[in-house]
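Content type PDB, C-alpha atoms, from the file query.pdb:
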ATOM      1  CA  MET A   1     102.491  89.599  73.216  1.00  0.00           C
ATOM      2  CA  ALA A   2     102.090  86.986  70.528  1.00  0.00           C
ATOM      3  CA  ASP A   3     102.313  84.142  73.023  1.00  0.00           C
ATOM      4  CA  VAL A   4      99.367  85.367  75.097  1.00  0.00           C
ATOM      5  CA  MET A   5      95.781  84.393  74.390  1.00  0.00           C
ATOM      6  CA  ARG A   6      93.790  87.444  73.393  1.00  0.00           C
ATOM      7  CA  ASP A   7      90.328  88.512  72.326  1.00  0.00           C
ATOM      8  CA  GLU A   8      89.698  91.119  69.642  1.00  0.00           C
ATOM      9  CA  ARG A   9      87.433  93.035  72.017  1.00  0.00           C
ATOM     10  CA  THR A  10      90.132  93.494  74.652  1.00  0.00           C
ATOM     11  CA  ALA A  11      93.806  94.386  74.834  1.00  0.00           C
ATOM     12  CA  ALA A  12      96.356  91.793  75.813  1.00  0.00           C
ATOM     13  CA  PRO A  13      97.899  92.146  79.275  1.00  0.00           C
ATOM     14  CA  ASP A  14     101.069  94.153  79.652  1.00  0.00           C
ATOM     15  CA  SER A  15     104.168  92.111  78.846  1.00  0.00           C
ATOM     16  CA  THR A  16     105.600  93.069  82.238  1.00  0.00           C
ATOM     17  CA  ALA A  17     102.539  91.679  84.010  1.00  0.00           C
ATOM     18  CA  VAL A  18     102.869  88.421  82.089  1.00  0.00           C
ATOM     19  CA  ARG A  19     106.562  88.206  82.927  1.00  0.00           C
ATOM     20  CA  VAL A  20     105.828  88.619  86.639  1.00  0.00           C
ATOM     21  CA  ALA A  21     103.195  85.872  86.483  1.00  0.00           C
ATOM     22  CA  LEU A  22     105.608  83.532  84.713  1.00  0.00           C
ATOM     23  CA  TRP A  23     108.407  84.259  87.183  1.00  0.00           C
ATOM     24  CA  ARG A  24     106.061  83.431  90.052  1.00  0.00           C
ATOM     25  CA  ALA A  25     105.227  80.110  88.401  1.00  0.00           C
ATOM     26  CA  LEU A  26     108.903  79.489  87.673  1.00  0.00           C
ATOM     27  CA  HIS A  27     109.654  79.937  91.372  1.00  0.00           C
ATOM     28  CA  VAL A  28     107.473  76.903  92.113  1.00  0.00           C
ATOM     29  CA  GLU A  29     108.991  74.894  89.266  1.00  0.00           C
ATOM     30  CA  VAL A  30     112.728  75.497  89.680  1.00  0.00           C
ATOM     31  CA  ASP A  31     113.407  76.826  93.186  1.00  0.00           C
ATOM     32  CA  PRO A  32     113.685  74.342  96.053  1.00  0.00           C
ATOM     33  CA  PRO A  33     110.927  74.259  98.677  1.00  0.00           C
ATOM     34  CA  PRO A  34     109.707  75.663 100.927  1.00  0.00           C
ATOM     35  CA  HIS A  35     108.451  78.200  98.418  1.00  0.00           C
ATOM     36  CA  VAL A  36     108.008  81.831  99.382  1.00  0.00           C
ATOM     37  CA  LEU A  37     104.815  82.000  97.331  1.00  0.00           C
ATOM     38  CA  GLU A  38     102.926  79.327  95.445  1.00  0.00           C
ATOM     39  CA  ASP A  39     101.209  80.873  92.460  1.00  0.00           C
ATOM     40  CA  GLU A  40     100.527  78.895  89.317  1.00  0.00           C
ATOM     41  CA  ILE A  41      97.147  80.511  88.635  1.00  0.00           C
ATOM     42  CA  GLY A  42      98.898  83.464  86.997  1.00  0.00           C
ATOM     43  CA  LEU A  43     100.444  80.989  84.565  1.00  0.00           C
ATOM     44  CA  ARG A  44      96.975  79.670  83.727  1.00  0.00           C
ATOM     45  CA  LEU A  45      95.750  83.223  83.158  1.00  0.00           C
ATOM     46  CA  ALA A  46      98.652  84.123  80.878  1.00  0.00           C
ATOM     47  CA  ALA A  47      98.463  80.824  78.971  1.00  0.00           C
ATOM     48  CA  PRO A  48     101.829  81.312  77.243  1.00  0.00           C
ATOM     49  CA  ALA A  49     102.790  79.326  74.176  1.00  0.00           C
ATOM     50  CA  ASP A  50     104.712  76.087  74.552  1.00  0.00           C
ATOM     51  CA  GLY A  51     108.383  76.815  75.030  1.00  0.00           C
ATOM     52  CA  TRP A  52     107.918  79.845  77.280  1.00  0.00           C
ATOM     53  CA  ARG A  53     110.466  78.385  79.693  1.00  0.00           C
ATOM     54  CA  ARG A  54     113.121  78.708  76.968  1.00  0.00           C
ATOM     55  CA  ARG A  55     112.635  82.444  76.644  1.00  0.00           C
ATOM     56  CA  PRO A  56     115.802  84.410  77.545  1.00  0.00           C
ATOM     57  CA  ASP A  57     113.907  86.296  80.262  1.00  0.00           C
ATOM     58  CA  MET A  58     112.949  82.971  81.881  1.00  0.00           C
ATOM     59  CA  ASP A  59     116.485  81.622  82.269  1.00  0.00           C
ATOM     60  CA  PRO A  60     116.454  80.173  85.835  1.00  0.00           C
ATOM     61  CA  HIS A  61     119.983  81.331  86.676  1.00  0.00           C
ATOM     62  CA  PHE A  62     119.928  84.782  85.089  1.00  0.00           C
ATOM     63  CA  THR A  63     116.522  85.660  86.544  1.00  0.00           C
ATOM     64  CA  SER A  64     117.075  84.274  90.045  1.00  0.00           C
ATOM     65  CA  GLN A  65     117.458  87.674  91.732  1.00  0.00           C
ATOM     66  CA  PHE A  66     114.508  89.186  89.865  1.00  0.00           C
ATOM     67  CA  ARG A  67     112.406  86.133  90.690  1.00  0.00           C
ATOM     68  CA  ALA A  68     113.361  86.382  94.355  1.00  0.00           C
ATOM     69  CA  SER A  69     112.349  90.051  94.538  1.00  0.00           C
ATOM     70  CA  ILE A  70     109.014  89.348  92.832  1.00  0.00           C
ATOM     71  CA  VAL A  71     107.948  86.550  95.162  1.00  0.00           C
ATOM     72  CA  ALA A  72     109.344  88.289  98.256  1.00  0.00           C
ATOM     73  CA  ARG A  73     107.387  91.484  97.693  1.00  0.00           C
ATOM     74  CA  ALA A  74     104.205  89.522  96.986  1.00  0.00           C
ATOM     75  CA  ARG A  75     104.579  87.416 100.134  1.00  0.00           C
ATOM     76  CA  PHE A  76     105.340  90.485 102.251  1.00  0.00           C
ATOM     77  CA  ILE A  77     102.201  92.250 101.074  1.00  0.00           C
ATOM     78  CA  GLU A  78      99.982  89.182 101.398  1.00  0.00           C
ATOM     79  CA  ASP A  79     101.169  88.643 104.975  1.00  0.00           C
ATOM     80  CA  LEU A  80     100.523  92.329 105.642  1.00  0.00           C
ATOM     81  CA  VAL A  81      96.997  92.107 104.231  1.00  0.00           C
ATOM     82  CA  ALA A  82      96.267  89.001 106.317  1.00  0.00           C
ATOM     83  CA  GLU A  83      97.549  90.767 109.440  1.00  0.00           C
ATOM     84  CA  ARG A  84      95.508  93.922 108.818  1.00  0.00           C
ATOM     85  CA  ALA A  85      92.410  91.868 107.992  1.00  0.00           C
ATOM     86  CA  GLY A  86      92.804  90.217 111.385  1.00  0.00           C
ATOM     87  CA  GLN A  87      92.743  93.718 112.896  1.00  0.00           C
ATOM     88  CA  GLY A  88      89.469  94.566 111.211  1.00  0.00           C
ATOM     89  CA  VAL A  89      90.632  96.276 108.025  1.00  0.00           C
ATOM     90  CA  ALA A  90      88.176  95.294 105.297  1.00  0.00           C
ATOM     91  CA  GLN A  91      89.429  97.065 102.144  1.00  0.00           C
ATOM     92  CA  TYR A  92      92.409  96.130  99.968  1.00  0.00           C
ATOM     93  CA  VAL A  93      93.360  98.254  96.949  1.00  0.00           C
ATOM     94  CA  ILE A  94      95.844  96.933  94.387  1.00  0.00           C
ATOM     95  CA  LEU A  95      97.168  99.667  92.097  1.00  0.00           C
ATOM     96  CA  GLY A  96      98.427  98.288  88.791  1.00  0.00           C
ATOM     97  CA  ALA A  97      97.030  94.863  89.645  1.00  0.00           C
ATOM     98  CA  GLY A  98      98.146  93.143  86.453  1.00  0.00           C
ATOM     99  CA  LEU A  99      97.779  89.365  86.813  1.00  0.00           C
ATOM    100  CA  ASP A 100      97.625  89.415  90.605  1.00  0.00           C
ATOM    101  CA  THR A 101      95.900  86.251  91.879  1.00  0.00           C
ATOM    102  CA  PHE A 102      95.470  86.905  95.601  1.00  0.00           C
ATOM    103  CA  ALA A 103      91.679  86.803  95.272  1.00  0.00           C
ATOM    104  CA  GLN A 104      91.793  83.399  93.592  1.00  0.00           C
ATOM    105  CA  ARG A 105      94.523  81.807  95.731  1.00  0.00           C
ATOM    106  CA  ARG A 106      93.521  83.103  99.163  1.00  0.00           C
ATOM    107  CA  PRO A 107      89.698  83.138  99.176  1.00  0.00           C
ATOM    108  CA  GLU A 108      89.593  82.424 102.907  1.00  0.00           C
ATOM    109  CA  ILE A 109      91.027  85.919 103.471  1.00  0.00           C
ATOM    110  CA  ALA A 110      89.929  87.652 100.282  1.00  0.00           C
ATOM    111  CA  SER A 111      86.237  86.871 100.779  1.00  0.00           C
ATOM    112  CA  ARG A 112      86.307  88.789 104.075  1.00  0.00           C
ATOM    113  CA  LEU A 113      87.523  91.915 102.271  1.00  0.00           C
ATOM    114  CA  ARG A 114      86.465  94.228  99.505  1.00  0.00           C
ATOM    115  CA  ILE A 115      89.298  93.970  97.003  1.00  0.00           C
ATOM    116  CA  PHE A 116      89.728  96.702  94.399  1.00  0.00           C
ATOM    117  CA  GLU A 117      92.022  95.835  91.485  1.00  0.00           C
ATOM    118  CA  VAL A 118      92.961  99.038  89.670  1.00  0.00           C
ATOM    119  CA  ASP A 119      94.467  98.670  86.207  1.00  0.00           C
ATOM    120  CA  ARG A 120      94.318  99.973  82.648  1.00  0.00           C
ATOM    121  CA  PRO A 121      90.967  99.316  80.968  1.00  0.00           C
ATOM    122  CA  GLY A 122      92.127  97.064  78.107  1.00  0.00           C
ATOM    123  CA  PRO A 123      94.305  94.626  80.061  1.00  0.00           C
ATOM    124  CA  GLN A 124      91.754  94.539  82.860  1.00  0.00           C
ATOM    125  CA  ALA A 125      88.943  93.622  80.468  1.00  0.00           C
ATOM    126  CA  TRP A 126      91.190  90.837  79.166  1.00  0.00           C
ATOM    127  CA  LYS A 127      91.770  89.583  82.709  1.00  0.00           C
ATOM    128  CA  ARG A 128      88.069  89.685  83.514  1.00  0.00           C
ATOM    129  CA  GLN A 129      87.382  87.514  80.481  1.00  0.00           C
ATOM    130  CA  ARG A 130      90.129  85.032  81.401  1.00  0.00           C
ATOM    131  CA  LEU A 131      88.882  84.706  84.992  1.00  0.00           C
ATOM    132  CA  ILE A 132      85.436  83.867  83.672  1.00  0.00           C
ATOM    133  CA  GLU A 133      86.820  81.433  81.093  1.00  0.00           C
ATOM    134  CA  LEU A 134      88.813  79.590  83.752  1.00  0.00           C
ATOM    135  CA  GLY A 135      85.802  79.286  86.047  1.00  0.00           C
ATOM    136  CA  TYR A 136      86.901  81.701  88.773  1.00  0.00           C
ATOM    137  CA  GLY A 137      84.339  84.330  87.912  1.00  0.00           C
ATOM    138  CA  ILE A 138      84.188  87.764  89.526  1.00  0.00           C
ATOM    139  CA  PRO A 139      82.759  87.443  93.060  1.00  0.00           C
ATOM    140  CA  GLU A 140      80.868  90.369  94.542  1.00  0.00           C
ATOM    141  CA  TRP A 141      83.747  91.270  96.848  1.00  0.00           C
ATOM    142  CA  LEU A 142      86.225  91.599  93.956  1.00  0.00           C
ATOM    143  CA  ARG A 143      85.893  94.956  92.186  1.00  0.00           C
ATOM    144  CA  LEU A 144      87.792  95.515  88.932  1.00  0.00           C
ATOM    145  CA  VAL A 145      88.356  99.256  88.532  1.00  0.00           C
ATOM    146  CA  PRO A 146      89.524 100.407  85.068  1.00  0.00           C
ATOM    147  CA  VAL A 147      91.808 103.447  85.318  1.00  0.00           C
ATOM    148  CA  ASP A 148      94.467 104.958  83.065  1.00  0.00           C
ATOM    149  CA  PHE A 149      96.678 106.992  85.403  1.00  0.00           C
ATOM    150  CA  GLU A 150      98.741 108.637  82.666  1.00  0.00           C
ATOM    151  CA  ALA A 151      95.631 109.657  80.720  1.00  0.00           C
ATOM    152  CA  GLY A 152      94.535 111.686  83.718  1.00  0.00           C
ATOM    153  CA  ASP A 153      91.739 109.392  84.842  1.00  0.00           C
ATOM    154  CA  ALA A 154      90.377 110.375  88.245  1.00  0.00           C
ATOM    155  CA  TRP A 155      91.235 107.034  89.830  1.00  0.00           C
ATOM    156  CA  TRP A 156      89.952 108.084  93.239  1.00  0.00           C
ATOM    157  CA  GLN A 157      86.495 108.838  91.876  1.00  0.00           C
ATOM    158  CA  TRP A 158      86.420 105.529  89.996  1.00  0.00           C
ATOM    159  CA  LEU A 159      87.499 103.725  93.160  1.00  0.00           C
ATOM    160  CA  THR A 160      84.698 105.368  95.148  1.00  0.00           C
ATOM    161  CA  ALA A 161      82.190 104.556  92.417  1.00  0.00           C
ATOM    162  CA  ALA A 162      83.247 100.896  92.714  1.00  0.00           C
ATOM    163  CA  GLY A 163      82.271 100.888  96.393  1.00  0.00           C
ATOM    164  CA  PHE A 164      85.411 102.026  98.202  1.00  0.00           C
ATOM    165  CA  ASP A 165      84.551 103.628 101.547  1.00  0.00           C
ATOM    166  CA  ALA A 166      86.867 106.574 102.224  1.00  0.00           C
ATOM    167  CA  GLY A 167      85.754 106.560 105.849  1.00  0.00           C
ATOM    168  CA  GLN A 168      87.112 103.075 106.486  1.00  0.00           C
ATOM    169  CA  ARG A 169      90.698 101.862 106.817  1.00  0.00           C
ATOM    170  CA  ALA A 170      92.389 100.212 103.858  1.00  0.00           C
ATOM    171  CA  VAL A 171      95.579  98.537 102.707  1.00  0.00           C
ATOM    172  CA  VAL A 172      96.896  99.975  99.437  1.00  0.00           C
ATOM    173  CA  ALA A 173      99.575  98.097  97.484  1.00  0.00           C
ATOM    174  CA  SER A 174     101.556  99.433  94.556  1.00  0.00           C
ATOM    175  CA  THR A 175     104.288  97.089  93.316  1.00  0.00           C
ATOM    176  CA  GLY A 176     106.159  97.388  90.048  1.00  0.00           C
ATOM    177  CA  VAL A 177     104.144 100.460  89.093  1.00  0.00           C
ATOM    178  CA  THR A 178     106.002 103.690  89.859  1.00  0.00           C
ATOM    179  CA  MET A 179     108.753 103.099  87.279  1.00  0.00           C
ATOM    180  CA  TYR A 180     106.138 103.399  84.542  1.00  0.00           C
ATOM    181  CA  LEU A 181     104.582 106.665  85.769  1.00  0.00           C
ATOM    182  CA  THR A 182     105.678 110.285  85.644  1.00  0.00           C
ATOM    183  CA  LYS A 183     106.761 112.104  88.801  1.00  0.00           C
ATOM    184  CA  ASP A 184     103.617 114.247  88.704  1.00  0.00           C
ATOM    185  CA  VAL A 185     101.325 111.225  88.575  1.00  0.00           C
ATOM    186  CA  ILE A 186     103.237 109.501  91.389  1.00  0.00           C
ATOM    187  CA  ALA A 187     103.084 112.621  93.563  1.00  0.00           C
ATOM    188  CA  ALA A 188      99.357 113.075  92.955  1.00  0.00           C
ATOM    189  CA  THR A 189      98.710 109.414  93.770  1.00  0.00           C
ATOM    190  CA  LEU A 190     100.700 109.614  97.002  1.00  0.00           C
ATOM    191  CA  ARG A 191      98.876 112.779  98.064  1.00  0.00           C
ATOM    192  CA  GLN A 192      95.557 111.019  97.580  1.00  0.00           C
ATOM    193  CA  ILE A 193      96.691 107.950  99.527  1.00  0.00           C
ATOM    194  CA  ALA A 194      98.001 110.179 102.313  1.00  0.00           C
ATOM    195  CA  ALA A 195      94.457 111.465 102.771  1.00  0.00           C
ATOM    196  CA  LEU A 196      93.161 107.997 103.662  1.00  0.00           C
ATOM    197  CA  VAL A 197      91.668 107.494 107.080  1.00  0.00           C
ATOM    198  CA  SER A 198      94.131 107.000 109.964  1.00  0.00           C
ATOM    199  CA  GLY A 199      95.165 103.388 110.380  1.00  0.00           C
ATOM    200  CA  SER A 200      95.386 102.746 106.644  1.00  0.00           C
ATOM    201  CA  THR A 201      98.572 101.240 105.202  1.00  0.00           C
ATOM    202  CA  LEU A 202     100.528 101.781 101.983  1.00  0.00           C
ATOM    203  CA  ALA A 203     103.021  99.209 100.695  1.00  0.00           C
ATOM    204  CA  MET A 204     104.890 100.126  97.533  1.00  0.00           C
ATOM    205  CA  THR A 205     108.049  99.367  95.608  1.00  0.00           C
ATOM    206  CA  PHE A 206     110.233 101.825  93.747  1.00  0.00           C
ATOM    207  CA  VAL A 207     113.384 101.711  91.676  1.00  0.00           C
ATOM    208  CA  LEU A 208     116.553 103.453  92.821  1.00  0.00           C
ATOM    209  CA  PRO A 209     118.254 105.932  90.473  1.00  0.00           C
ATOM    210  CA  LEU A 210     120.804 104.016  88.422  1.00  0.00           C
ATOM    211  CA  GLU A 211     123.753 105.750  90.093  1.00  0.00           C
ATOM    212  CA  LEU A 212     122.665 104.364  93.475  1.00  0.00           C
ATOM    213  CA  VAL A 213     122.435 100.768  92.250  1.00  0.00           C
ATOM    214  CA  GLU A 214     125.346  98.379  92.766  1.00  0.00           C
ATOM    215  CA  PRO A 215     127.419  98.218  89.534  1.00  0.00           C
ATOM    216  CA  GLU A 216     126.869  94.489  89.056  1.00  0.00           C
ATOM    217  CA  GLU A 217     123.103  94.985  89.243  1.00  0.00           C
ATOM    218  CA  ARG A 218     122.847  97.881  86.787  1.00  0.00           C
ATOM    219  CA  PRO A 219     122.508  95.758  83.603  1.00  0.00           C
ATOM    220  CA  GLY A 220     119.377  94.133  85.035  1.00  0.00           C
TER     221      GLY A 220
END

As structure tokens, the full file:
Amino acid sequence: MADVMRDERTAAPDSTAVRVALWRALHVEVDPPPHVLEDEIGLRLAAPADGWRRRPDMDPHFTSQFRASIVARARFIEDLVAERAGQGVAQYVILGAGLDTFAQRRPEIASRLRIFEVDRPGPQAWKRQRLIELGYGIPEWLRLVPVDFEAGDAWWQWLTAAGFDAGQRAVVASTGVTMYLTKDVIAATLRQIAALVSGSTLAMTFVLPLELVEPEERPG
């Protein structure tokens, strides 16, 4: 995206990841408190050009339902991770992490876990650079795992190489990802997750077939 800071050595983040980050920030700016999720770090990461709030996809009224779903799913998963961490689970895997900022916003929980952010190599390298530029750095417990699912990358092997312990319980989150993958890739990913140790948890979102969506929601 032209309105995203970029470095010639890395790819810019996916436009969808930027949009999610901006919607999360917009929730804090335009929705009345109490806020479901307070995340303005994603906005700092994305660093959009002045005037981003005037973009058609940022219209507060038109995007209200999308914004609500974005912050609701994030809050649900973060509460789930906090609950499982309290039960002794020490691994959290984020598939298609994008501009997720849990590690930066919730260090009191995150630092007790090993967090594995799985994403495409280019956008992830860009995010790594931005985290360093903004002073957050990459703590030892945050593992950035570059994987291209559609290119056939063996994500499980890369995850293990990054320090994931297959013998320990984990929370795996996959939000806003499946609609961009083929059925075969989704099925293979689910089979791998199903092989996790007992007591592990998967939280994921998916999109209904268009014919099952309410007519007034189909344009969105």

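Nearest residue to Pro13 in chain A among A:Trp126, A:Trp141, A:Phe102, A:Phe206 is A:Trp126, counting only C-alpha atoms.
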
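Among the candidates A:Gln157, A:Ser174, A:Ser64, A:Thr182, the one nearest to Asp100 in chain A when counting all atoms listed in the file is A:Ser174.
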
Closest atom pairs, range 31-118 of chain A residues within 10 Å of range 199-203 of chain A, only C-alpha atoms, as a Markdown table:
| residue | atom | partner | partner_atom | distance |
| --- | --- | --- | --- | --- |
| A:Arg73 | CA | A:Ala203 | CA | 9.4 |
| A:Phe76 | CA | A:Ala203 | CA | 9.2 |
| A:Ile77 | CA | A:Ala203 | CA | 7.0 |
| A:Leu80 | CA | A:Ala203 | CA | 8.8 |
| A:Val81 | CA | A:Thr201 | CA | 9.3 |
| A:Arg84 | CA | A:Thr201 | CA | 8.7 |
| A:Val89 | CA | A:Ser200 | CA | 8.1 |
| A:Gln91 | CA | A:Ser200 | CA | 9.4 |
| A:Tyr92 | CA | A:Thr201 | CA | 9.6 |
| A:Val93 | CA | A:Leu202 | CA | 9.4 |
| A:Ile94 | CA | A:Ala203 | CA | 9.8 |

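Proximity to Gln168 in chain A was assessed for A:Leu113, A:Ile41, A:Leu208, A:Leu134 counting only C-alpha atoms; the smallest distance is recorded for A:Leu113.
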
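The interatomic distance for the pair CA of Gly167 in chain A and CA of Phe149 in chain A works out to 23.2 Å.
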
Compile the contact shell of Arg105 in chain A as a PyMOL selection string: residues with an atom at most 9 Å away, counting only C-alpha atoms, same-chain residues fewer than 3 positions apart removed.
-> chain A and resi 38-39+41+101-102+108+110

Between CA of Glu150 in chain A and CA of Arg169 in chain A - distance in Å to one decimal = 26.3 Å
